[in-house]
Every structure is written in structure tokens, then in C-alpha cells.
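Written below as C-alpha cells is the structure these notes are about.
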Amino acid sequence: MNKENDWFELIELNDHLLCIREKLSEVDPRFLTEYTNFFLLIGSHTALLIDTGCGLFSIRTIIEPYIRNKKLLVINTHGHWDHVGGNYEFEKVHIHEQEVNLISKPLNLTILKDSSKKIVNSLHDVSFFIPPAPIVEPLKDNDQFNLGDLNIKIIHTPGHSNGSICILTNKGELFTGDTAHFGAIFLPKRKNLSRNISSLQKLIDLQNNAGLTAIYPSHEQLPTDLRLLVDLYNGISHIEDLWENKVKNSFLHSWVIDGGEFQYIVSKI
Ligand SMILES: [Zn+2]
Ligand SMILES: [Zn+2]
């Protein structure tokens, strides 16, 4: 796999947080998404890498200068390909217990065989199958990790996928994965949307009770507006009002509904 350093965009958000971005629109524009964001949270003795990107180019070489002699913990927000592709570069990766199996086998990226030459070349050596991390450890709701001067807590938020999680720091920073972001938001079948609504309610309760200082989603706008959770909750709760405007998208096996700041991608399968 190539070591291409100009593939990633690095954004130093504050003294303990780095965002690493890659252009999903350049990988394949048919996913209707411009950016994937992943994060390096740097505690006094341990750094936490939240997601590992598509795995097309080395993420490890990018983050090493920031980790230096600290321990490294790697957590996936969920098991979708654009979040776990770089897992192979790390000895051990954590994910919610419901998605351990999903990332314990080689990642099939044959969906990208029609992508640009740059993308196809980076996957050629592995014949479109990226190996998994050697060790995959299960996470549960409310699990906590100490990074030194920072603590993090796992919040299980099923909906986008069964094992989707969010990560909350003791500074009130919330990493929402694909559970909440602006832009194209990928949802399960229409009859299962109540799980997404319950998970968003759980996050809104957190926002109201504990107070959030920042929300960092895995796609698109960053840093994002704190009204994201409530706006998305209201949008999905009233999706029936927009249902007549749905457009079929065969590539995504979904209905696409334009909802202003959100584009709802509702799975048909
Ligand atoms: Zn996803
Ligand atoms: Zn995603």
C-alpha cells in the first residue's frame, strides 16, 4: 500500500485534538459525501485514534509524530469500510461487541474497482481485500478509558449500524461517528428509524444534562454546530412529511430525500 502523505488533510483543532480528513468524494463520489473525518485525541500518557479511514494510504505514518512515546489506543466508531480500512496498521482495535465479527475478516473493497486510477493502484497489491487488525477487542455501552489527563466514555447509539458508538470526553467533547453529521446521513429501513431517534434522544439528554462543548462528526462539516443533534432528531422524526419527495438511488440501494442541511439516505434493503 502506498505511503502518500498529501492524501490526508490535518487540522489541529486544539492542544489535544487532531482531525485527519480524507476526501471520500475523491474515492468515489457516488457515496454523496465529501469528507471522512477521523481523530487523534492526545492524552498525557495515551493517545486515542478514533477510526482509521479507508485504508488506501498509510495513516500510521501521519499520526506517529503526534504520538511519540505515548501508548496508542484505537477505537472504531463502527465497522463500515470508510472508518476501518486502516486497522491493518495497528496491533489491536476496539469496536462495539456487535461489530467485532464484521472487522475481524479481510475488508472487501471491490466496490472501489471502478474508482480513479490512484485509488485502484493503492488497492492493487492486496487485490481489493485489506487485512484486519490481528486483535479485535469488544466494547460495551459505558466502557471508560483513561488517557492520563483525559477520560473517555463509550456511548452505544445503534441505528446507523447495530454497533455504532459515540465517544464522550470528560471535557464535554462528543465524537458522533455516523450517528450525527450534516450532509448525506445514511439511515436504515424506514420501519427501523425509531432506533436512530432513540439514540439521538440519548445524545440530546447528554447535551442537556452534562453539557457538550463541541461535537465532532465523522463526515462533513467540522467543527460542527451544537444544534446538529436537535436538528437531526427533528428531521428524522418528521421524515414522513418529506416521503413523497424521495428519489431512488440504485447504487446505494436507497431512497434519497432532500431535507435541506440533511440529505436522508434511507436504505431499501
Ligand atoms: Zn457508516
Ligand atoms: Zn461513514
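FYI, nothing fancy with the C-alpha cells labels: chains A, B, ... in order, residues from 1 per chain, ligands from 1 as they appear.
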
| said: Could you list, as a list in words, every residue within 9 Å of His83 in chain A, counting only C-alpha atoms and ignoring same-chain residues fewer than 4 positions away? | reply: Thr36, Asn37, Phe38, Ile50, Asp51, Thr52, Gly53, Cys54, Gly55, Asn76, Thr77, His78, Gly79, Asn87, Gly177 and Ser218 of chain A

Which residues, written as a PDB file with N, CA and C atoms, in the first residue's frame, have at least one atom at most 12 Å from range 186-200 of chain A, with only C-alpha atoms counted and residues fewer than 3 positions away on the same chain left out?
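Listed below is the output, around-v5.pdb:
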ATOM      1  N   PHE A  31     -21.012   8.044  -3.175  1.00  0.00           N
ATOM      2  CA  PHE A  31     -21.464   7.967  -1.774  1.00  0.00           C
ATOM      3  C   PHE A  31     -22.010   9.304  -1.265  1.00  0.00           C
ATOM      4  N   LEU A  32     -22.052  10.299  -2.163  1.00  0.00           N
ATOM      5  CA  LEU A  32     -22.695  11.593  -1.881  1.00  0.00           C
ATOM      6  C   LEU A  32     -22.095  12.318  -0.673  1.00  0.00           C
ATOM      7  N   THR A  33     -20.845  11.983  -0.356  1.00  0.00           N
ATOM      8  CA  THR A  33     -20.192  12.506   0.843  1.00  0.00           C
ATOM      9  C   THR A  33     -18.863  13.133   0.441  1.00  0.00           C
ATOM     10  N   HIS A  80     -18.089   0.204   9.253  1.00  0.00           N
ATOM     11  CA  HIS A  80     -18.172   0.478   7.815  1.00  0.00           C
ATOM     12  C   HIS A  80     -16.787   0.751   7.223  1.00  0.00           C
ATOM     13  N   ILE A 155     -20.510   5.464  24.310  1.00  0.00           N
ATOM     14  CA  ILE A 155     -21.973   5.564  24.348  1.00  0.00           C
ATOM     15  C   ILE A 155     -22.517   4.790  23.150  1.00  0.00           C
ATOM     16  N   HIS A 156     -23.236   3.713  23.429  1.00  0.00           N
ATOM     17  CA  HIS A 156     -23.793   2.893  22.340  1.00  0.00           C
ATOM     18  C   HIS A 156     -24.992   3.626  21.736  1.00  0.00           C
ATOM     19  N   THR A 157     -24.927   3.883  20.434  1.00  0.00           N
ATOM     20  CA  THR A 157     -26.003   4.608  19.746  1.00  0.00           C
ATOM     21  C   THR A 157     -26.411   3.852  18.477  1.00  0.00           C
ATOM     22  N   PRO A 158     -27.120   2.720  18.626  1.00  0.00           N
ATOM     23  CA  PRO A 158     -27.496   1.923  17.451  1.00  0.00           C
ATOM     24  C   PRO A 158     -28.450   2.687  16.539  1.00  0.00           C
ATOM     25  N   GLY A 159     -28.432   2.331  15.261  1.00  0.00           N
ATOM     26  CA  GLY A 159     -29.309   2.988  14.285  1.00  0.00           C
ATOM     27  C   GLY A 159     -28.620   3.001  12.934  1.00  0.00           C
ATOM     28  N   HIS A 160     -27.598   3.833  12.801  1.00  0.00           N
ATOM     29  CA  HIS A 160     -26.821   3.845  11.548  1.00  0.00           C
ATOM     30  C   HIS A 160     -26.270   2.439  11.288  1.00  0.00           C
ATOM     31  N   SER A 161     -25.799   1.789  12.356  1.00  0.00           N
ATOM     32  CA  SER A 161     -25.467   0.356  12.330  1.00  0.00           C
ATOM     33  C   SER A 161     -25.741  -0.168  13.739  1.00  0.00           C
ATOM     34  N   ASN A 162     -25.789  -1.492  13.891  1.00  0.00           N
ATOM     35  CA  ASN A 162     -26.147  -2.072  15.201  1.00  0.00           C
ATOM     36  C   ASN A 162     -25.159  -1.692  16.290  1.00  0.00           C
ATOM     37  N   GLY A 163     -23.884  -1.619  15.909  1.00  0.00           N
ATOM     38  CA  GLY A 163     -22.848  -1.381  16.918  1.00  0.00           C
ATOM     39  C   GLY A 163     -22.265   0.020  16.859  1.00  0.00           C
ATOM     40  N   SER A 164     -22.996   0.969  16.300  1.00  0.00           N
ATOM     41  CA  SER A 164     -22.469   2.346  16.253  1.00  0.00           C
ATOM     42  C   SER A 164     -22.288   2.887  17.663  1.00  0.00           C
ATOM     43  N   ILE A 165     -21.169   3.550  17.879  1.00  0.00           N
ATOM     44  CA  ILE A 165     -20.932   4.193  19.178  1.00  0.00           C
ATOM     45  C   ILE A 165     -20.575   5.663  18.982  1.00  0.00           C
ATOM     46  N   CYS A 166     -20.770   6.428  20.065  1.00  0.00           N
ATOM     47  CA  CYS A 166     -20.219   7.775  20.154  1.00  0.00           C
ATOM     48  C   CYS A 166     -19.214   7.751  21.289  1.00  0.00           C
ATOM     49  N   THR A 176     -19.296  11.823  17.237  1.00  0.00           N
ATOM     50  CA  THR A 176     -20.590  11.189  16.934  1.00  0.00           C
ATOM     51  C   THR A 176     -20.535  10.104  15.859  1.00  0.00           C
ATOM     52  N   GLY A 177     -19.369   9.862  15.269  1.00  0.00           N
ATOM     53  CA  GLY A 177     -19.301   8.841  14.224  1.00  0.00           C
ATOM     54  C   GLY A 177     -20.291   9.172  13.110  1.00  0.00           C
ATOM     55  N   ASP A 178     -21.017   8.159  12.620  1.00  0.00           N
ATOM     56  CA  ASP A 178     -22.018   8.394  11.575  1.00  0.00           C
ATOM     57  C   ASP A 178     -23.417   8.519  12.166  1.00  0.00           C
ATOM     58  N   THR A 179     -23.509   8.588  13.508  1.00  0.00           N
ATOM     59  CA  THR A 179     -24.814   8.740  14.151  1.00  0.00           C
ATOM     60  C   THR A 179     -25.382  10.129  13.912  1.00  0.00           C
ATOM     61  N   ALA A 180     -24.519  11.134  13.848  1.00  0.00           N
ATOM     62  CA  ALA A 180     -24.994  12.506  13.609  1.00  0.00           C
ATOM     63  C   ALA A 180     -23.937  13.315  12.887  1.00  0.00           C
ATOM     64  N   HIS A 181     -24.302  13.812  11.717  1.00  0.00           N
ATOM     65  CA  HIS A 181     -23.472  14.778  10.979  1.00  0.00           C
ATOM     66  C   HIS A 181     -24.371  15.467   9.972  1.00  0.00           C
ATOM     67  N   PHE A 182     -23.941  16.610   9.466  1.00  0.00           N
ATOM     68  CA  PHE A 182     -24.693  17.276   8.405  1.00  0.00           C
ATOM     69  C   PHE A 182     -24.384  16.568   7.084  1.00  0.00           C
ATOM     70  N   GLY A 183     -25.177  16.875   6.047  1.00  0.00           N
ATOM     71  CA  GLY A 183     -24.947  16.270   4.737  1.00  0.00           C
ATOM     72  C   GLY A 183     -25.721  14.976   4.573  1.00  0.00           C
ATOM     73  N   LEU A 203     -28.333  11.231  23.102  1.00  0.00           N
ATOM     74  CA  LEU A 203     -27.278  12.249  22.977  1.00  0.00           C
ATOM     75  C   LEU A 203     -27.784  13.643  23.356  1.00  0.00           C
ATOM     76  N   ILE A 204     -29.049  13.911  23.023  1.00  0.00           N
ATOM     77  CA  ILE A 204     -29.631  15.220  23.383  1.00  0.00           C
ATOM     78  C   ILE A 204     -29.747  15.318  24.911  1.00  0.00           C
ATOM     79  N   ASP A 205     -30.107  14.222  25.567  1.00  0.00           N
ATOM     80  CA  ASP A 205     -30.174  14.204  27.043  1.00  0.00           C
ATOM     81  C   ASP A 205     -28.809  14.531  27.635  1.00  0.00           C
ATOM     82  N   LEU A 206     -27.796  13.965  27.007  1.00  0.00           N
ATOM     83  CA  LEU A 206     -26.421  14.218  27.446  1.00  0.00           C
ATOM     84  C   LEU A 206     -26.077  15.699  27.280  1.00  0.00           C
ATOM     85  N   GLN A 207     -26.488  16.244  26.136  1.00  0.00           N
ATOM     86  CA  GLN A 207     -26.232  17.657  25.845  1.00  0.00           C
ATOM     87  C   GLN A 207     -26.932  18.541  26.884  1.00  0.00           C
ATOM     88  N   HIS A 219     -18.233  12.741   9.377  1.00  0.00           N
ATOM     89  CA  HIS A 219     -18.322  13.217   7.993  1.00  0.00           C
ATOM     90  C   HIS A 219     -18.687  14.700   7.960  1.00  0.00           C
ATOM     91  N   ARG A 227     -26.276  22.632  17.383  1.00  0.00           N
ATOM     92  CA  ARG A 227     -27.697  22.342  17.128  1.00  0.00           C
ATOM     93  C   ARG A 227     -27.873  21.083  16.269  1.00  0.00           C
ATOM     94  N   LEU A 228     -26.760  20.488  15.846  1.00  0.00           N
ATOM     95  CA  LEU A 228     -26.821  19.288  14.999  1.00  0.00           C
ATOM     96  C   LEU A 228     -27.764  18.218  15.553  1.00  0.00           C
ATOM     97  N   LEU A 229     -27.612  17.877  16.824  1.00  0.00           N
ATOM     98  CA  LEU A 229     -28.365  16.738  17.379  1.00  0.00           C
ATOM     99  C   LEU A 229     -29.869  16.990  17.341  1.00  0.00           C
ATOM    100  N   VAL A 230     -30.270  18.186  17.764  1.00  0.00           N
ATOM    101  CA  VAL A 230     -31.703  18.508  17.796  1.00  0.00           C
ATOM    102  C   VAL A 230     -32.258  18.612  16.370  1.00  0.00           C
ATOM    103  N   ASP A 231     -31.508  19.240  15.485  1.00  0.00           N
ATOM    104  CA  ASP A 231     -31.980  19.386  14.099  1.00  0.00           C
ATOM    105  C   ASP A 231     -32.146  18.019  13.426  1.00  0.00           C
ATOM    106  N   LEU A 232     -31.199  17.132  13.667  1.00  0.00           N
ATOM    107  CA  LEU A 232     -31.286  15.805  13.041  1.00  0.00           C
ATOM    108  C   LEU A 232     -32.423  14.993  13.665  1.00  0.00           C
ATOM    109  N   TYR A 233     -32.569  15.105  14.984  1.00  0.00           N
ATOM    110  CA  TYR A 233     -33.675  14.431  15.682  1.00  0.00           C
ATOM    111  C   TYR A 233     -35.014  14.886  15.071  1.00  0.00           C
ATOM    112  N   ASN A 234     -35.184  16.194  14.930  1.00  0.00           N
ATOM    113  CA  ASN A 234     -36.439  16.720  14.369  1.00  0.00           C
ATOM    114  C   ASN A 234     -36.621  16.269  12.924  1.00  0.00           C
ATOM    115  N   GLY A 235     -35.535  16.281  12.170  1.00  0.00           N
ATOM    116  CA  GLY A 235     -35.604  15.893  10.761  1.00  0.00           C
ATOM    117  C   GLY A 235     -36.034  14.444  10.582  1.00  0.00           C
ATOM    118  N   ILE A 236     -35.394  13.545  11.304  1.00  0.00           N
ATOM    119  CA  ILE A 236     -35.722  12.114  11.141  1.00  0.00           C
ATOM    120  C   ILE A 236     -37.123  11.838  11.709  1.00  0.00           C
ATOM    121  N   SER A 237     -37.480  12.522  12.791  1.00  0.00           N
ATOM    122  CA  SER A 237     -38.813  12.321  13.382  1.00  0.00           C
ATOM    123  C   SER A 237     -39.930  12.718  12.409  1.00  0.00           C
ATOM    124  N   HIS A 238     -39.635  13.684  11.526  1.00  0.00           N
ATOM    125  CA  HIS A 238     -40.671  14.167  10.595  1.00  0.00           C
ATOM    126  C   HIS A 238     -40.393  13.750   9.153  1.00  0.00           C
ATOM    127  N   ILE A 239     -39.642  12.688   8.978  1.00  0.00           N
ATOM    128  CA  ILE A 239     -39.254  12.281   7.615  1.00  0.00           C
ATOM    129  C   ILE A 239     -40.476  11.905   6.769  1.00  0.00           C
ATOM    130  N   GLU A 240     -41.543  11.455   7.437  1.00  0.00           N
ATOM    131  CA  GLU A 240     -42.765  11.084   6.709  1.00  0.00           C
ATOM    132  C   GLU A 240     -43.316  12.268   5.909  1.00  0.00           C
ATOM    133  N   TRP A 243     -41.645  12.261   2.582  1.00  0.00           N
ATOM    134  CA  TRP A 243     -41.530  10.952   1.935  1.00  0.00           C
ATOM    135  C   TRP A 243     -41.889  10.986   0.453  1.00  0.00           C
ATOM    136  N   LYS A 246     -39.089  11.500  -2.278  1.00  0.00           N
ATOM    137  CA  LYS A 246     -37.967  10.553  -2.348  1.00  0.00           C
ATOM    138  C   LYS A 246     -37.590  10.238  -3.799  1.00  0.00           C
ATOM    139  N   LEU A 252     -26.819   3.037  -4.195  1.00  0.00           N
ATOM    140  CA  LEU A 252     -26.856   2.959  -2.723  1.00  0.00           C
ATOM    141  C   LEU A 252     -27.992   2.060  -2.214  1.00  0.00           C
ATOM    142  N   HIS A 253     -28.779   1.477  -3.114  1.00  0.00           N
ATOM    143  CA  HIS A 253     -29.943   0.655  -2.740  1.00  0.00           C
ATOM    144  C   HIS A 253     -30.822   1.399  -1.742  1.00  0.00           C
ATOM    145  N   SER A 254     -31.077   2.656  -2.024  1.00  0.00           N
ATOM    146  CA  SER A 254     -31.732   3.529  -1.036  1.00  0.00           C
ATOM    147  C   SER A 254     -32.702   4.492  -1.703  1.00  0.00           C
ATOM    148  N   TRP A 255     -33.535   5.095  -0.854  1.00  0.00           N
ATOM    149  CA  TRP A 255     -34.275   6.292  -1.231  1.00  0.00           C
ATOM    150  C   TRP A 255     -33.466   7.493  -0.769  1.00  0.00           C
ATOM    151  N   VAL A 256     -33.398   8.527  -1.574  1.00  0.00           N
ATOM    152  CA  VAL A 256     -32.707   9.755  -1.173  1.00  0.00           C
ATOM    153  C   VAL A 256     -33.756  10.860  -1.047  1.00  0.00           C
ATOM    154  N   ILE A 257     -33.756  11.512   0.115  1.00  0.00           N
ATOM    155  CA  ILE A 257     -34.741  12.574   0.372  1.00  0.00           C
ATOM    156  C   ILE A 257     -33.992  13.842   0.742  1.00  0.00           C
ATOM    157  N   PHE A 262     -29.709  18.312   5.626  1.00  0.00           N
ATOM    158  CA  PHE A 262     -29.503  16.857   5.628  1.00  0.00           C
ATOM    159  C   PHE A 262     -30.063  16.286   4.333  1.00  0.00           C
ATOM    160  N   GLN A 263     -29.363  15.278   3.861  1.00  0.00           N
ATOM    161  CA  GLN A 263     -29.881  14.500   2.742  1.00  0.00           C
ATOM    162  C   GLN A 263     -30.070  13.110   3.348  1.00  0.00           C
ATOM    163  N   TYR A 264     -31.319  12.668   3.455  1.00  0.00           N
ATOM    164  CA  TYR A 264     -31.572  11.405   4.119  1.00  0.00           C
ATOM    165  C   TYR A 264     -31.436  10.259   3.115  1.00  0.00           C
ATOM    166  N   ILE A 265     -30.557   9.314   3.411  1.00  0.00           N
ATOM    167  CA  ILE A 265     -30.358   8.160   2.542  1.00  0.00           C
ATOM    168  C   ILE A 265     -30.997   6.966   3.288  1.00  0.00           C
ATOM    169  N   VAL A 266     -32.208   6.618   2.881  1.00  0.00           N
ATOM    170  CA  VAL A 266     -32.962   5.604   3.621  1.00  0.00           C
ATOM    171  C   VAL A 266     -32.843   4.272   2.886  1.00  0.00           C
ATOM    172  N   SER A 267     -32.255   3.299   3.569  1.00  0.00           N
ATOM    173  CA  SER A 267     -31.985   2.005   2.929  1.00  0.00           C
ATOM    174  C   SER A 267     -33.272   1.317   2.482  1.00  0.00           C
ATOM    175  N   LYS A 268     -33.196   0.651   1.321  1.00  0.00           N
ATOM    176  CA  LYS A 268     -34.344  -0.148   0.849  1.00  0.00           C
ATOM    177  C   LYS A 268     -34.184  -1.599   1.212  1.00  0.00           C
ATOM    178  N   ILE A 269     -32.970  -1.990   1.676  1.00  0.00           N
ATOM    179  CA  ILE A 269     -32.746  -3.427   1.942  1.00  0.00           C
ATOM    180  C   ILE A 269     -32.342  -3.656   3.402  1.00  0.00           C
TER     181      ILE A 269
END

| said: If we count only C-alpha atoms and set the cut-off at 12 Å, which residues sit around range 134-136 of chain A, ignoring sequence neighbours fewer than 4 positions away in its own chain? Please answer as a list in words. | reply: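 Here the qualifying residues turn out to be Leu73, Val74, Ile75, Asn76, Gly79, Val84, Asn87, Tyr88, Glu89, Phe90, Glu91, Lys92, Val93, His94, Ile95, His96, Glu97, Gln98, Glu99, Val100, Asn101, Leu102, Ile103, Ser104, Lys105 and Pro106 of chain A.
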
Please produce an output containing C-alpha atoms for each residue in the selection, written as an mmCIF file, in the first residue's frame.
data_model
loop_
_atom_site.group_PDB
_atom_site.id
_atom_site.type_symbol
_atom_site.label_atom_id
_atom_site.label_comp_id
_atom_site.auth_asym_id
_atom_site.auth_seq_id
_atom_site.Cartn_x
_atom_site.Cartn_y
_atom_site.Cartn_z
ATOM 1 C CA LEU A 73 -5.477 3.040 21.732
ATOM 2 C CA VAL A 74 -7.500 2.541 18.529
ATOM 3 C CA ILE A 75 -11.312 2.578 18.546
ATOM 4 C CA ASN A 76 -13.672 2.279 15.548
ATOM 5 C CA GLY A 79 -17.493 -1.241 11.151
ATOM 6 C CA VAL A 84 -11.909 0.787 9.457
ATOM 7 C CA ASN A 87 -6.992 -1.054 11.010
ATOM 8 C CA TYR A 88 -4.394 -3.377 9.470
ATOM 9 C CA GLU A 89 -1.647 -0.942 10.512
ATOM 10 C CA PHE A 90 -2.367 -1.456 14.221
ATOM 11 C CA GLU A 91 -1.901 -4.438 16.529
ATOM 12 C CA LYS A 92 -5.224 -4.067 18.338
ATOM 13 C CA VAL A 93 -8.507 -2.295 17.561
ATOM 14 C CA HIS A 94 -11.614 -1.853 19.738
ATOM 15 C CA ILE A 95 -15.177 -1.827 18.405
ATOM 16 C CA HIS A 96 -18.651 -2.386 19.845
ATOM 17 C CA GLU A 97 -19.239 -6.071 20.618
ATOM 18 C CA GLN A 98 -21.936 -6.310 17.925
ATOM 19 C CA GLU A 99 -19.442 -5.464 15.163
ATOM 20 C CA VAL A 100 -16.383 -7.473 16.237
ATOM 21 C CA ASN A 101 -17.067 -10.130 13.591
ATOM 22 C CA LEU A 102 -17.522 -7.513 10.885
ATOM 23 C CA ILE A 103 -13.937 -6.219 11.232
ATOM 24 C CA SER A 104 -12.204 -9.499 12.113
ATOM 25 C CA LYS A 105 -12.085 -10.621 8.470
ATOM 26 C CA PRO A 106 -10.473 -9.017 5.395
#

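Across A:Arg30, A:Ala184, A:Ser116, A:Leu222, the tightest approach to ligand 1 is made by A:Ala184 when counting only C-alpha atoms and all ligand atoms.
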
| Residues of range 32-162 of chain A in helix (DSSP H, G or I) according to DSSP, as a PyMOL selection string? | chain A and resi 60-67+81-89+97-99+110-112+117-124

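The spacing separating CA of Val27 in chain A from CA of Lys118 in chain A amounts to 8.9 Å.
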
Neighbours of Phe57 in chain A within 12 Å (only C-alpha atoms; same-chain residues fewer than 3 positions away dropped), as a PDB file with C-alpha atoms, in the first residue's frame?
ATOM      1  CA  MET A   1       0.000   0.000   0.000  1.00  0.00           C
ATOM      2  CA  ASN A   2       1.255   3.483  -0.842  1.00  0.00           C
ATOM      3  CA  LYS A   3       2.565   5.946   1.691  1.00  0.00           C
ATOM      4  CA  GLU A   4       1.074   9.080   0.284  1.00  0.00           C
ATOM      5  CA  ASN A   5       1.316  11.991   2.682  1.00  0.00           C
ATOM      6  CA  ASP A   6      -0.591  14.542   0.635  1.00  0.00           C
ATOM      7  CA  TRP A   7      -3.728  12.402   0.627  1.00  0.00           C
ATOM      8  CA  PHE A   8      -4.736  13.412   4.158  1.00  0.00           C
ATOM      9  CA  GLU A  22      -9.760  12.319   3.611  1.00  0.00           C
ATOM     10  CA  VAL A  27     -12.524   7.855  -3.512  1.00  0.00           C
ATOM     11  CA  THR A  52      -8.735   4.639  10.640  1.00  0.00           C
ATOM     12  CA  GLY A  53     -10.192   5.818   7.311  1.00  0.00           C
ATOM     13  CA  CYS A  54     -10.461   3.917   4.040  1.00  0.00           C
ATOM     14  CA  ARG A  60       0.179   5.360  10.896  1.00  0.00           C
ATOM     15  CA  THR A  61       2.995   7.430   9.378  1.00  0.00           C
ATOM     16  CA  ILE A  62       0.770  10.513   9.588  1.00  0.00           C
ATOM     17  CA  GLY A  85      -9.726   0.426   6.345  1.00  0.00           C
ATOM     18  CA  GLY A  86      -6.512   1.428   8.136  1.00  0.00           C
ATOM     19  CA  ASN A  87      -6.992  -1.054  11.010  1.00  0.00           C
ATOM     20  CA  TYR A  88      -4.394  -3.377   9.470  1.00  0.00           C
ATOM     21  CA  GLU A  89      -1.647  -0.942  10.512  1.00  0.00           C
ATOM     22  CA  LYS A 118      -4.911   6.451  -7.973  1.00  0.00           C
ATOM     23  CA  ILE A 119      -7.418   4.594  -5.791  1.00  0.00           C
ATOM     24  CA  VAL A 120      -7.342   1.369  -7.778  1.00  0.00           C
ATOM     25  CA  ASN A 121      -3.499   1.367  -7.742  1.00  0.00           C
ATOM     26  CA  SER A 122      -3.400   1.690  -3.965  1.00  0.00           C
ATOM     27  CA  LEU A 123      -5.552  -1.442  -3.637  1.00  0.00           C
ATOM     28  CA  ILE A 130      -7.441  -5.217   3.138  1.00  0.00           C
TER      29      ILE A 130
END

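Across A:Asp82, A:Asp149, A:Glu173, A:Asp143, the tightest approach to ligand 2 is made by A:Asp82 when counting only C-alpha atoms and all ligand atoms.
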
| said: So, with only C-alpha atoms as the atoms that count, which of A:Leu48, A:Cys19, A:Val247, A:Ala214 lies closest to Ile152 in chain A? | reply: A:Leu48

| Which residue, A:Lys248, A:Leu17, A:Ser44, A:Leu10, has the smallest gap to Leu150 in chain A when you use only C-alpha atoms? |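 Closest residue, counting only C-alpha atoms: A:Ser44.
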
| message | Using only C-alpha atoms and all ligand atoms, can you tell me which of A:Leu13, A:Ile42, A:Leu24, A:Leu72 comes closest to ligand 2? | response |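 Among the listed residues, the smallest separation from ligand 2 belongs to A:Leu24.
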
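Of the residues listed (A:Val126, A:Thr169, A:Phe251, A:Pro217), A:Pro217 shows the shortest atom-to-atom separation from ligand 2; distances use only C-alpha atoms and all ligand atoms.
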
| query | Can you list, as a PyMOL selection string, every protein, DNA or RNA residue that comes within 9 Å of Asn108 in chain A when you count only C-alpha atoms, leaving out same-chain residues fewer than 6 positions away? | reply | chain A and resi 81+128-130

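Here CA of Gln201 in chain A and CA of Pro138 in chain A stand 24.4 Å from one another.
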
| note | note - atom 1 (Zn, counted along the ligand's line) of ligand 1 and CA of Ile167 in chain A are separated by 15.1 Å

| message | Please return, as a PyMOL selection string, all residues of range 90-244 of chain A that DSSP assigns to strand (DSSP E) on the basis of the backbone. | response | chain A and resi 92-96+107-108+129-130+135-139+144-146+151-156+165-169+173-177+183-187+214-217
